[in-house]
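K.L.:
Contents are compact mmCIF, C-alpha atoms and all ligand atoms; file name model.txt:
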```
# COMPACT_ATOMS: atom_id res chain seq x y z
CA MET A 1 6.55 138.25 -107.50
CA SER A 2 7.64 135.04 -109.12
CA VAL A 3 11.23 134.40 -110.15
CA THR A 4 12.87 131.98 -112.55
CA VAL A 5 15.62 130.58 -110.36
CA SER A 6 15.79 130.14 -106.60
CA VAL A 7 19.13 129.33 -105.02
CA VAL A 8 18.82 127.66 -101.62
CA VAL A 9 21.79 127.81 -99.25
CA PRO A 10 21.77 126.13 -95.81
CA LEU A 11 24.01 127.78 -93.25
CA TYR A 12 25.14 126.55 -89.87
CA ASN A 13 27.87 128.55 -88.15
CA GLU A 14 29.26 129.84 -91.43
CA GLN A 15 30.39 133.34 -90.44
CA GLU A 16 33.77 132.78 -92.12
CA VAL A 17 32.23 131.99 -95.49
CA ILE A 18 28.84 133.73 -95.73
CA GLY A 19 30.22 136.98 -97.17
CA GLU A 20 32.29 135.33 -99.87
CA SER A 21 29.57 132.82 -100.60
CA TYR A 22 27.03 135.58 -101.12
CA ARG A 23 29.44 137.52 -103.34
CA ARG A 24 30.26 134.56 -105.60
CA LEU A 25 26.63 133.47 -105.87
CA LYS A 26 25.50 136.98 -106.70
CA GLU A 27 28.21 137.33 -109.30
CA VAL A 28 27.25 134.08 -111.02
CA MET A 29 23.52 134.71 -110.86
CA ASP A 30 23.82 138.31 -112.10
CA GLY A 31 25.95 136.98 -114.94
CA SER A 32 23.41 134.31 -115.84
CA GLY A 33 20.88 136.96 -116.82
CA GLU A 34 18.11 135.08 -115.01
CA ASP A 35 15.58 136.57 -112.70
CA TYR A 36 16.60 134.99 -109.41
CA GLU A 37 16.32 134.94 -105.63
CA LEU A 38 18.84 133.71 -103.08
CA ILE A 39 17.36 131.95 -100.07
CA PHE A 40 19.72 131.65 -97.13
CA VAL A 41 18.45 129.29 -94.46
CA ASN A 42 20.09 129.88 -91.10
CA ASP A 43 19.99 126.54 -89.33
CA GLY A 44 20.21 127.84 -85.77
CA SER A 45 23.76 129.18 -86.01
CA ARG A 46 25.37 130.22 -82.75
CA ASP A 47 27.99 132.47 -84.27
CA GLY A 48 27.75 135.71 -86.26
CA THR A 49 26.08 134.13 -89.30
CA TRP A 50 22.61 135.53 -88.69
CA PRO A 51 23.53 139.20 -88.05
CA MET A 52 25.80 139.06 -91.08
CA ALA A 53 23.03 137.59 -93.20
CA MET A 54 20.61 140.29 -92.06
CA LYS A 55 23.11 142.95 -92.99
CA LEU A 56 23.50 141.52 -96.48
CA ALA A 57 19.73 141.22 -96.89
CA GLU A 58 19.20 144.84 -95.93
CA ALA A 59 21.10 145.92 -99.02
CA ASP A 60 19.72 143.27 -101.38
CA PRO A 61 16.00 142.53 -101.69
CA ARG A 62 16.85 139.48 -103.79
CA LEU A 63 18.44 137.87 -100.77
CA ARG A 64 15.72 136.24 -98.69
CA LEU A 65 16.34 134.83 -95.27
CA LEU A 66 14.83 132.15 -93.13
CA SER A 67 16.02 131.51 -89.64
CA PHE A 68 15.24 128.38 -87.65
CA SER A 69 14.50 128.55 -83.95
CA ARG A 70 17.35 126.07 -83.38
CA ASN A 71 19.62 123.69 -85.29
CA PHE A 72 17.39 121.27 -87.19
CA GLY A 73 20.06 119.87 -89.47
CA HIS A 74 21.27 120.26 -93.01
CA GLN A 75 18.59 118.16 -94.71
CA THR A 76 15.82 120.02 -92.93
CA ALA A 77 17.35 123.38 -93.83
CA ILE A 78 17.39 122.37 -97.49
CA THR A 79 13.76 121.29 -97.21
CA ALA A 80 12.72 124.61 -95.68
CA GLY A 81 14.52 126.46 -98.45
CA MET A 82 12.73 124.43 -101.09
CA ASP A 83 9.40 125.01 -99.36
CA ALA A 84 9.99 128.76 -99.43
CA ALA A 85 11.40 128.86 -102.97
CA ASP A 86 9.39 130.53 -105.64
CA GLY A 87 11.43 129.76 -108.74
CA ASP A 88 10.67 127.62 -111.76
CA ALA A 89 14.00 126.01 -110.98
CA VAL A 90 15.48 125.53 -107.52
CA VAL A 91 19.21 125.11 -107.00
CA VAL A 92 20.52 123.74 -103.70
CA ILE A 93 24.12 124.53 -102.87
CA ASP A 94 26.34 124.37 -99.78
CA ALA A 95 27.48 127.63 -98.23
CA ASP A 96 31.12 126.68 -97.93
CA LEU A 97 31.86 127.01 -101.67
CA GLN A 98 32.89 123.35 -101.94
CA ASP A 99 30.25 123.24 -104.65
CA PRO A 100 31.39 125.94 -107.09
CA PRO A 101 28.57 128.40 -107.92
CA GLU A 102 30.12 128.64 -111.40
CA VAL A 103 28.58 125.23 -112.18
CA ILE A 104 25.05 126.62 -111.81
CA PRO A 105 24.90 128.04 -115.37
CA GLN A 106 25.76 124.55 -116.71
CA MET A 107 22.91 123.16 -114.64
CA LEU A 108 20.58 125.81 -115.99
CA ALA A 109 21.62 124.92 -119.54
CA LYS A 110 20.73 121.25 -118.92
CA TRP A 111 17.44 122.37 -117.40
CA ARG A 112 16.66 124.40 -120.53
CA GLU A 113 17.33 121.24 -122.53
CA GLY A 114 14.43 119.67 -120.67
CA TYR A 115 16.00 117.84 -117.73
CA GLN A 116 14.08 118.24 -114.50
CA VAL A 117 16.76 117.15 -112.07
CA VAL A 118 20.37 118.10 -112.69
CA TYR A 119 22.68 116.80 -110.01
CA GLY A 120 26.34 117.55 -109.47
CA LEU A 121 28.69 114.60 -109.70
CA ARG A 122 31.91 114.99 -107.78
CA THR A 123 34.71 113.73 -109.94
CA LYS A 124 37.27 114.71 -107.31
CA ARG A 125 37.10 115.80 -103.72
CA LYS A 126 39.76 118.25 -102.70
CA GLY A 127 40.88 119.09 -99.22
CA GLU A 128 38.77 116.47 -97.49
CA SER A 129 40.27 114.02 -95.08
CA PHE A 130 41.19 110.52 -96.19
CA PHE A 131 38.67 109.24 -93.66
CA LYS A 132 35.83 111.29 -95.14
CA LYS A 133 36.63 110.24 -98.70
CA VAL A 134 36.84 106.55 -97.84
CA THR A 135 33.72 106.52 -95.68
CA ALA A 136 31.81 108.44 -98.35
CA LYS A 137 32.88 105.96 -101.02
CA ILE A 138 31.87 102.97 -98.91
CA PHE A 139 28.63 104.63 -97.85
CA TYR A 140 27.31 105.43 -101.33
CA ARG A 141 28.14 101.97 -102.62
CA THR A 142 26.71 100.06 -99.67
CA LEU A 143 23.59 102.15 -99.78
CA ASN A 144 23.06 101.34 -103.44
CA ALA A 145 23.56 97.66 -102.84
CA LEU A 146 20.83 97.78 -100.20
CA THR A 147 18.21 99.97 -101.85
CA GLU A 148 15.66 99.41 -104.53
CA VAL A 149 15.80 102.93 -106.02
CA TYR A 150 19.07 103.82 -107.70
CA LEU A 151 20.79 106.61 -105.82
CA PRO A 152 23.53 108.32 -107.84
CA VAL A 153 26.93 107.48 -106.41
CA ASP A 154 29.13 110.44 -105.37
CA ALA A 155 26.40 113.02 -105.78
CA GLY A 156 25.71 115.33 -102.87
CA ASP A 157 22.90 117.77 -102.38
CA PHE A 158 24.25 120.20 -104.96
CA ARG A 159 21.57 120.02 -107.62
CA LEU A 160 18.93 121.79 -109.64
CA LEU A 161 15.28 120.81 -109.34
CA ASP A 162 12.49 121.79 -111.64
CA ARG A 163 9.33 123.26 -110.09
CA ALA A 164 7.50 119.99 -110.79
CA VAL A 165 10.10 118.03 -108.82
CA CYS A 166 10.02 120.52 -105.99
CA ASN A 167 6.25 120.23 -105.78
CA ALA A 168 6.50 116.45 -105.76
CA LEU A 169 9.03 116.59 -102.92
CA LYS A 170 6.72 118.81 -100.92
CA GLN A 171 4.22 115.95 -100.90
CA LEU A 172 6.64 113.71 -99.03
CA PRO A 173 6.03 114.52 -95.39
CA GLU A 174 8.68 112.29 -93.84
CA ARG A 175 10.73 113.68 -91.00
CA ASN A 176 14.05 111.89 -91.17
CA ARG A 177 14.86 113.13 -94.59
CA TYR A 178 17.57 112.04 -96.92
CA VAL A 179 16.84 114.62 -99.58
CA ARG A 180 19.02 113.27 -102.38
CA GLY A 181 17.36 109.88 -101.96
CA LEU A 182 13.91 111.45 -102.09
CA VAL A 183 14.89 113.24 -105.28
CA SER A 184 15.83 109.91 -106.87
CA TRP A 185 12.66 108.38 -105.56
CA VAL A 186 10.35 110.93 -107.20
CA GLY A 187 12.00 110.23 -110.55
CA PHE A 188 11.58 112.67 -113.48
CA ARG A 189 14.16 113.25 -116.21
CA GLN A 190 17.54 113.37 -114.52
CA ALA A 191 20.95 114.41 -115.79
CA ALA A 192 24.36 114.91 -114.21
CA VAL A 193 26.90 117.70 -114.42
CA GLU A 194 30.43 116.80 -113.37
CA TYR A 195 32.46 119.05 -111.16
CA VAL A 196 35.48 119.02 -108.91
CA ARG A 197 34.54 119.43 -105.28
CA ALA A 198 36.74 122.19 -103.99
CA GLU A 199 38.19 122.72 -100.58
CA ARG A 200 36.09 124.44 -97.98
CA PHE A 201 36.57 128.20 -98.43
CA ALA A 202 37.06 128.72 -94.71
CA GLY A 203 35.98 127.33 -91.37
CA THR A 204 35.60 123.66 -90.51
CA THR A 205 33.12 120.97 -91.49
CA LYS A 206 29.72 121.15 -89.80
CA TYR A 207 29.30 117.41 -90.33
CA PRO A 208 31.00 115.65 -87.44
CA LEU A 209 30.95 111.85 -87.37
CA ARG A 210 27.78 111.89 -85.29
CA LYS A 211 25.84 113.76 -87.96
CA MET A 212 27.33 111.64 -90.73
CA LEU A 213 26.16 108.47 -88.99
CA ARG A 214 22.73 109.95 -88.45
CA LEU A 215 22.46 110.81 -92.15
CA ALA A 216 23.63 107.32 -93.11
CA GLY A 217 21.02 105.82 -90.78
CA ASP A 218 18.28 107.96 -92.25
CA ALA A 219 19.32 107.06 -95.77
CA LEU A 220 19.39 103.36 -95.02
CA THR A 221 16.17 103.12 -93.07
CA SER A 222 14.25 105.39 -95.47
CA PHE A 223 15.17 103.44 -98.54
CA SER A 224 15.74 99.85 -97.52
CA TYR A 225 14.20 97.03 -95.50
CA LYS A 226 17.16 94.81 -96.17
CA PRO A 227 18.67 95.19 -92.68
CA LEU A 228 15.41 93.76 -91.33
CA LYS A 229 15.42 90.95 -93.85
CA LEU A 230 18.99 90.27 -92.83
CA SER A 231 17.86 89.37 -89.33
CA VAL A 232 15.40 86.82 -90.72
CA PHE A 233 18.19 85.37 -92.82
CA ILE A 234 20.76 85.23 -90.03
CA GLY A 235 18.10 83.93 -87.64
CA GLY A 236 17.35 81.09 -90.06
CA LEU A 237 20.98 80.25 -90.54
CA VAL A 238 21.69 80.23 -86.84
CA SER A 239 18.64 78.03 -86.16
CA VAL A 240 19.83 75.41 -88.62
CA ALA A 241 23.33 75.45 -87.14
CA SER A 242 21.92 75.22 -83.60
CA PHE A 243 19.76 72.25 -84.53
CA ALA A 244 22.77 70.42 -85.99
CA TYR A 245 24.86 71.16 -82.95
CA GLY A 246 21.99 70.01 -80.71
CA ILE A 247 22.08 66.61 -82.40
CA VAL A 248 25.83 66.43 -81.81
CA ILE A 249 25.32 67.12 -78.11
CA ILE A 250 22.57 64.52 -77.77
CA CYS A 251 24.75 61.93 -79.49
CA GLN A 252 27.62 62.79 -77.16
CA ARG A 253 25.35 62.29 -74.18
CA LEU A 254 24.04 58.96 -75.44
CA PHE A 255 27.14 57.36 -76.90
CA THR A 256 30.12 58.75 -74.95
CA ASP A 257 30.85 59.33 -71.29
CA ILE A 258 31.84 62.98 -71.66
CA LEU A 259 29.61 64.60 -69.07
CA VAL A 260 30.60 67.97 -67.63
CA SER A 261 32.94 69.40 -70.19
CA GLY A 262 32.03 72.11 -72.68
CA TRP A 263 32.04 75.14 -70.45
CA ALA A 264 34.09 77.11 -72.99
CA THR A 265 31.69 76.19 -75.78
CA LEU A 266 28.77 77.27 -73.66
CA ALA A 267 30.33 80.60 -72.76
CA CYS A 268 31.24 81.35 -76.38
CA LEU A 269 27.79 80.47 -77.64
CA THR A 270 26.04 82.57 -75.03
CA LEU A 271 28.21 85.58 -75.72
CA PHE A 272 27.86 85.21 -79.46
CA PHE A 273 24.10 84.89 -79.46
CA ASN A 274 23.54 87.68 -76.97
CA GLY A 275 25.61 89.95 -79.16
CA LEU A 276 23.71 88.89 -82.23
CA ILE A 277 20.34 89.39 -80.59
CA LEU A 278 21.28 92.84 -79.34
CA ILE A 279 22.48 93.90 -82.77
CA MET A 280 19.25 92.71 -84.36
CA MET A 281 17.22 94.49 -81.70
CA GLY A 282 19.24 97.60 -82.37
CA ILE A 283 18.42 97.42 -86.06
CA ILE A 284 14.73 97.02 -85.32
CA GLY A 285 15.03 99.87 -82.82
CA GLN A 286 16.40 102.16 -85.52
CA TYR A 287 13.29 101.58 -87.57
CA ILE A 288 10.92 101.85 -84.64
CA GLY A 289 12.48 105.12 -83.48
CA ARG A 290 11.88 106.59 -86.89
CA ILE A 291 8.34 105.28 -87.04
CA TYR A 292 7.77 107.00 -83.70
CA ASP A 293 9.14 110.25 -85.12
CA GLU A 294 6.71 110.02 -88.02
CA THR A 295 3.67 109.26 -85.87
CA LYS A 296 4.21 112.24 -83.60
CA GLY A 297 3.44 114.41 -86.59
CA ARG A 298 5.48 117.35 -85.40
CA PRO A 299 6.33 119.99 -87.97
CA LEU A 300 9.65 119.42 -89.70
CA TYR A 301 11.10 122.72 -88.55
CA ILE A 302 10.18 125.96 -86.82
CA VAL A 303 10.93 129.23 -88.55
CA ALA A 304 11.71 132.00 -86.09
CA GLU A 305 12.34 134.80 -88.58
CA LYS A 306 11.72 135.56 -92.23
CA ILE A 307 13.25 138.46 -94.09
CA ASN A 308 12.56 139.87 -97.57
CA PHE A 309 9.71 137.49 -98.28
CA ASP A 310 6.77 139.53 -99.45
CA ALA A 311 3.40 139.03 -97.78
N1 LIG A 401 24.73 122.65 -92.43
C1 LIG A 401 23.50 122.98 -91.88
N2 LIG A 401 23.12 122.41 -90.69
C2 LIG A 401 23.92 121.52 -90.03
C3 LIG A 401 25.15 121.16 -90.62
C4 LIG A 401 25.53 121.74 -91.81
O1 LIG A 401 22.75 123.78 -92.44
O2 LIG A 401 23.51 121.05 -88.97
C5 LIG A 401 25.14 123.26 -93.72
C6 LIG A 401 26.50 123.91 -93.73
O3 LIG A 401 26.44 125.25 -93.29
C7 LIG A 401 26.89 123.82 -95.19
C8 LIG A 401 26.24 122.51 -95.61
O4 LIG A 401 25.22 122.24 -94.66
O5 LIG A 401 26.34 124.85 -95.97
C9 LIG A 401 27.21 121.36 -95.68
O6 LIG A 401 27.93 121.27 -94.48
P1 LIG A 401 29.51 121.03 -94.46
O7 LIG A 401 30.15 121.78 -95.57
O8 LIG A 401 30.02 121.33 -93.09
O9 LIG A 401 29.58 119.48 -94.72
P2 LIG A 401 30.74 118.70 -95.52
O10 LIG A 401 30.94 119.41 -96.82
O11 LIG A 401 31.93 118.77 -94.65
O12 LIG A 401 30.18 117.33 -95.67
MG MG A 402 31.31 121.32 -97.05
```
Any chance you could put this one into structure tokens?

P.N.:
Amino acid sequence: MSVTVSVVVPLYNEQEVIGESYRRLKEVMDGSGEDYELIFVNDGSRDGTWPMAMKLAEADPRLRLLSFSRNFGHQTAITAGMDAADGDAVVVIDADLQDPPEVIPQMLAKWREGYQVVYGLRTKRKGESFFKKVTAKIFYRTLNALTEVYLPVDAGDFRLLDRAVCNALKQLPERNRYVRGLVSWVGFRQAAVEYVRAERFAGTTKYPLRKMLRLAGDALTSFSYKPLKLSVFIGGLVSVASFAYGIVIICQRLFTDILVSGWATLACLTLFFNGLILIMMGIIGQYIGRIYDETKGRPLYIVAEKINFDA
């Protein structure tokens, strides 16, 4: 049975919000008059999320569930939801109601106008820490400065994708996924819908600094070689400077009688260059690690359970 709209919701330890999230989504989707399915992807939650989801799905055949065998991460959960989605349009939305479900009808309207990607633009972010807001601002802008594809600033994963876009995304097999970047990369007719990002309905963020950094790393390495080019550039600069300083030293040796001074200079230079080399190696390592991930060719995720999917 094919539906018009699929709504994909990733969930990781969201027992405080799943009930309300389901209720609001159902209300909005029932009101939209569309034939729809809700796909909840349980990303290896360790709390009561899964039993609660199963209970909801028992009473509602339109609620379909996927459960991962462990925590694979937000971007992977979104991907799995899109893979399983059946709709002519696929909406991706967070479970914590920071992205208001009430915006979905506006997205659908844009889609009916002929846009194939409708992304949510956060005009304001409520109830998020100063640190998160600032780092997010810096992140989106730095990323854009470094990448060749334009990635919409201040747009999260809350978006609507046409079937054609979804199919295109399915052809991108990469493992360390930055989904919103991939969506920009595939192109198609894109439009934005502005919204105010609300406070989390309940619970705490499932994106600790570690996961944020990981996402930033994936985004950067997937869409830019500039960090690598940077090492060529800095290497060149440093070589020129070293050559000049070498001439100074030789002249000192030939034309003055300063012999065994310069220990401080030596120490500083050694420390500086060792630091620089390690940083550059680290950057290369980030790329190599991801290349290794790709070559192993492991599946992106493992689904342990599926509920309400026919056949
Ligand atoms: N999430 C997930 N797997 C994870 C981390 C988060 O599926 O490893 C889900 C989470 O349940 C939520 C969405 O991704 O639906 C966004 O997470 P969160 O709201 O915690 O991030 P924030 O809004 O704080 O950036
Ligand atoms: Mg959130």

K.L.:
Kindly indicate which residue among A:Glu305, A:Asp96, A:Asp86, A:Glu113 lies nearest to ligand LIG 401 (chain A), using all atoms listed in the file for the distances.

P.N.:
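Once distances to ligand LIG 401 (chain A) are computed over all atoms listed in the file, the minimum belongs to A:Asp96.
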
K.L.:
Counting only C-alpha atoms and all ligand atoms, which protein, DNA or RNA residues come within 10 Å of ligand MG 402 (chain A), given as a list in words?

P.N.:
Ile93, Asp94, Ala95, Asp96, Leu97, Gln98, Asp99, Glu128, Arg197, Ala198, Glu199, Arg200, Phe201, Ala202, Gly203, Thr204, Thr205, Lys206 and Tyr207 of chain A

K.L.:
Just checking: using all atoms listed in the file, which residue out of A:Phe158, A:Tyr225, A:Tyr140, A:Trp263 ends up closest to ligand LIG 401 (chain A)?

P.N.:
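The closest residue to ligand LIG 401 (chain A) is A:Phe158.
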
K.L.:
Which value, in Å to one decimal, gives the distance between atom CA of Gly285 of chain A and atom CA of Phe273 of chain A?

P.N.:
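Rounded to one decimal, the two atoms are 17.8 Å apart.
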
K.L.:
Can you measure atom CA of Asn144 of chain A to atom CA of Gly187 of chain A for me? One decimal in Å is fine.

P.N.:
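Computed distance, atom CA of Asn144 of chain A to atom CA of Gly187 of chain A, equals 15.9 Å.
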
K.L.:
So which one's closest to Glu34 of chain A, A:Leu160, A:Asp154, A:Gly87, A:Glu102? Using only C-alpha atoms, please.

P.N.:
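Answer, going by the shortest atom-to-atom distance: A:Gly87.
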
K.L.:
For segment 225-237 of chain A in the structure I just supplied, write out all heavy atoms - as a PDB file, in the first residue's frame.

P.N.:
```pdb
ATOM      1  N   TYR A 225      37.766  19.558   0.606  1.00  0.00           N
ATOM      2  CA  TYR A 225      39.172  19.141   0.671  1.00  0.00           C
ATOM      3  C   TYR A 225      40.025  20.270   1.187  1.00  0.00           C
ATOM      4  O   TYR A 225      41.236  20.144   1.283  1.00  0.00           O
ATOM      5  CB  TYR A 225      39.681  18.762  -0.717  1.00  0.00           C
ATOM      6  CG  TYR A 225      38.902  17.672  -1.384  1.00  0.00           C
ATOM      7  CD1 TYR A 225      38.270  17.888  -2.603  1.00  0.00           C
ATOM      8  CD2 TYR A 225      38.819  16.424  -0.799  1.00  0.00           C
ATOM      9  CE1 TYR A 225      37.542  16.881  -3.212  1.00  0.00           C
ATOM     10  CE2 TYR A 225      38.090  15.418  -1.403  1.00  0.00           C
ATOM     11  CZ  TYR A 225      37.456  15.652  -2.608  1.00  0.00           C
ATOM     12  OH  TYR A 225      36.727  14.666  -3.203  1.00  0.00           O
ATOM     13  N   LYS A 226      39.386  21.383   1.497  1.00  0.00           N
ATOM     14  CA  LYS A 226      40.188  22.561   1.832  1.00  0.00           C
ATOM     15  C   LYS A 226      41.124  22.367   3.030  1.00  0.00           C
ATOM     16  O   LYS A 226      42.228  22.882   3.000  1.00  0.00           O
ATOM     17  CB  LYS A 226      39.290  23.780   2.013  1.00  0.00           C
ATOM     18  CG  LYS A 226      38.833  24.291   0.666  1.00  0.00           C
ATOM     19  CD  LYS A 226      38.296  25.686   0.694  1.00  0.00           C
ATOM     20  CE  LYS A 226      37.823  26.050  -0.712  1.00  0.00           C
ATOM     21  NZ  LYS A 226      36.628  26.880  -0.719  1.00  0.00           N
ATOM     22  N   PRO A 227      40.715  21.607   4.063  1.00  0.00           N
ATOM     23  CA  PRO A 227      41.684  21.380   5.147  1.00  0.00           C
ATOM     24  C   PRO A 227      42.974  20.727   4.644  1.00  0.00           C
ATOM     25  O   PRO A 227      44.056  21.026   5.144  1.00  0.00           O
ATOM     26  CB  PRO A 227      40.933  20.441   6.093  1.00  0.00           C
ATOM     27  CG  PRO A 227      39.501  20.752   5.869  1.00  0.00           C
ATOM     28  CD  PRO A 227      39.394  21.076   4.399  1.00  0.00           C
ATOM     29  N   LEU A 228      42.845  19.862   3.627  1.00  0.00           N
ATOM     30  CA  LEU A 228      44.044  19.231   3.073  1.00  0.00           C
ATOM     31  C   LEU A 228      44.866  20.243   2.287  1.00  0.00           C
ATOM     32  O   LEU A 228      46.099  20.262   2.362  1.00  0.00           O
ATOM     33  CB  LEU A 228      43.653  18.065   2.161  1.00  0.00           C
ATOM     34  CG  LEU A 228      43.044  16.862   2.870  1.00  0.00           C
ATOM     35  CD1 LEU A 228      42.547  15.843   1.859  1.00  0.00           C
ATOM     36  CD2 LEU A 228      44.047  16.225   3.809  1.00  0.00           C
ATOM     37  N   LYS A 229      44.151  21.068   1.528  1.00  0.00           N
ATOM     38  CA  LYS A 229      44.870  22.095   0.762  1.00  0.00           C
ATOM     39  C   LYS A 229      45.579  23.057   1.699  1.00  0.00           C
ATOM     40  O   LYS A 229      46.653  23.558   1.403  1.00  0.00           O
ATOM     41  CB  LYS A 229      43.884  22.871  -0.120  1.00  0.00           C
ATOM     42  CG  LYS A 229      43.341  22.062  -1.272  1.00  0.00           C
ATOM     43  CD  LYS A 229      42.512  22.963  -2.172  1.00  0.00           C
ATOM     44  CE  LYS A 229      41.718  22.153  -3.172  1.00  0.00           C
ATOM     45  NZ  LYS A 229      40.559  22.908  -3.664  1.00  0.00           N
ATOM     46  N   LEU A 230      44.959  23.276   2.847  1.00  0.00           N
ATOM     47  CA  LEU A 230      45.526  24.172   3.842  1.00  0.00           C
ATOM     48  C   LEU A 230      46.915  23.710   4.255  1.00  0.00           C
ATOM     49  O   LEU A 230      47.829  24.515   4.440  1.00  0.00           O
ATOM     50  CB  LEU A 230      44.606  24.203   5.064  1.00  0.00           C
ATOM     51  CG  LEU A 230      44.938  25.238   6.131  1.00  0.00           C
ATOM     52  CD1 LEU A 230      44.582  26.620   5.613  1.00  0.00           C
ATOM     53  CD2 LEU A 230      44.171  24.946   7.413  1.00  0.00           C
ATOM     54  N   SER A 231      47.104  22.398   4.353  1.00  0.00           N
ATOM     55  CA  SER A 231      48.411  21.916   4.795  1.00  0.00           C
ATOM     56  C   SER A 231      49.465  22.166   3.717  1.00  0.00           C
ATOM     57  O   SER A 231      50.617  22.444   4.024  1.00  0.00           O
ATOM     58  CB  SER A 231      48.352  20.449   5.204  1.00  0.00           C
ATOM     59  OG  SER A 231      47.985  19.644   4.125  1.00  0.00           O
ATOM     60  N   VAL A 232      49.059  22.081   2.447  1.00  0.00           N
ATOM     61  CA  VAL A 232      50.002  22.406   1.375  1.00  0.00           C
ATOM     62  C   VAL A 232      50.389  23.884   1.485  1.00  0.00           C
ATOM     63  O   VAL A 232      51.564  24.250   1.415  1.00  0.00           O
ATOM     64  CB  VAL A 232      49.367  22.162  -0.020  1.00  0.00           C
ATOM     65  CG1 VAL A 232      50.320  22.566  -1.122  1.00  0.00           C
ATOM     66  CG2 VAL A 232      48.965  20.707  -0.157  1.00  0.00           C
ATOM     67  N   PHE A 233      49.386  24.703   1.715  1.00  0.00           N
ATOM     68  CA  PHE A 233      49.597  26.144   1.796  1.00  0.00           C
ATOM     69  C   PHE A 233      50.510  26.504   2.968  1.00  0.00           C
ATOM     70  O   PHE A 233      51.524  27.176   2.806  1.00  0.00           O
ATOM     71  CB  PHE A 233      48.232  26.823   1.941  1.00  0.00           C
ATOM     72  CG  PHE A 233      48.307  28.302   2.117  1.00  0.00           C
ATOM     73  CD1 PHE A 233      48.655  29.124   1.039  1.00  0.00           C
ATOM     74  CD2 PHE A 233      48.025  28.879   3.343  1.00  0.00           C
ATOM     75  CE1 PHE A 233      48.733  30.494   1.209  1.00  0.00           C
ATOM     76  CE2 PHE A 233      48.099  30.252   3.505  1.00  0.00           C
ATOM     77  CZ  PHE A 233      48.456  31.067   2.446  1.00  0.00           C
ATOM     78  N   ILE A 234      50.151  25.996   4.151  1.00  0.00           N
ATOM     79  CA  ILE A 234      50.971  26.302   5.335  1.00  0.00           C
ATOM     80  C   ILE A 234      52.369  25.723   5.177  1.00  0.00           C
ATOM     81  O   ILE A 234      53.362  26.361   5.510  1.00  0.00           O
ATOM     82  CB  ILE A 234      50.304  25.756   6.615  1.00  0.00           C
ATOM     83  CG1 ILE A 234      48.999  26.520   6.855  1.00  0.00           C
ATOM     84  CG2 ILE A 234      51.212  25.898   7.818  1.00  0.00           C
ATOM     85  CD1 ILE A 234      48.252  26.091   8.094  1.00  0.00           C
ATOM     86  N   GLY A 235      52.446  24.517   4.614  1.00  0.00           N
ATOM     87  CA  GLY A 235      53.747  23.887   4.372  1.00  0.00           C
ATOM     88  C   GLY A 235      54.616  24.784   3.496  1.00  0.00           C
ATOM     89  O   GLY A 235      55.801  24.996   3.783  1.00  0.00           O
ATOM     90  N   GLY A 236      54.028  25.336   2.454  1.00  0.00           N
ATOM     91  CA  GLY A 236      54.757  26.213   1.543  1.00  0.00           C
ATOM     92  C   GLY A 236      55.253  27.456   2.256  1.00  0.00           C
ATOM     93  O   GLY A 236      56.431  27.825   2.171  1.00  0.00           O
ATOM     94  N   LEU A 237      54.354  28.041   3.004  1.00  0.00           N
ATOM     95  CA  LEU A 237      54.669  29.269   3.729  1.00  0.00           C
ATOM     96  C   LEU A 237      55.829  29.048   4.699  1.00  0.00           C
ATOM     97  O   LEU A 237      56.793  29.811   4.749  1.00  0.00           O
ATOM     98  CB  LEU A 237      53.418  29.672   4.527  1.00  0.00           C
ATOM     99  CG  LEU A 237      53.108  31.149   4.615  1.00  0.00           C
ATOM    100  CD1 LEU A 237      52.749  31.683   3.228  1.00  0.00           C
ATOM    101  CD2 LEU A 237      51.930  31.363   5.563  1.00  0.00           C
TER     102      LEU A 237
END
```
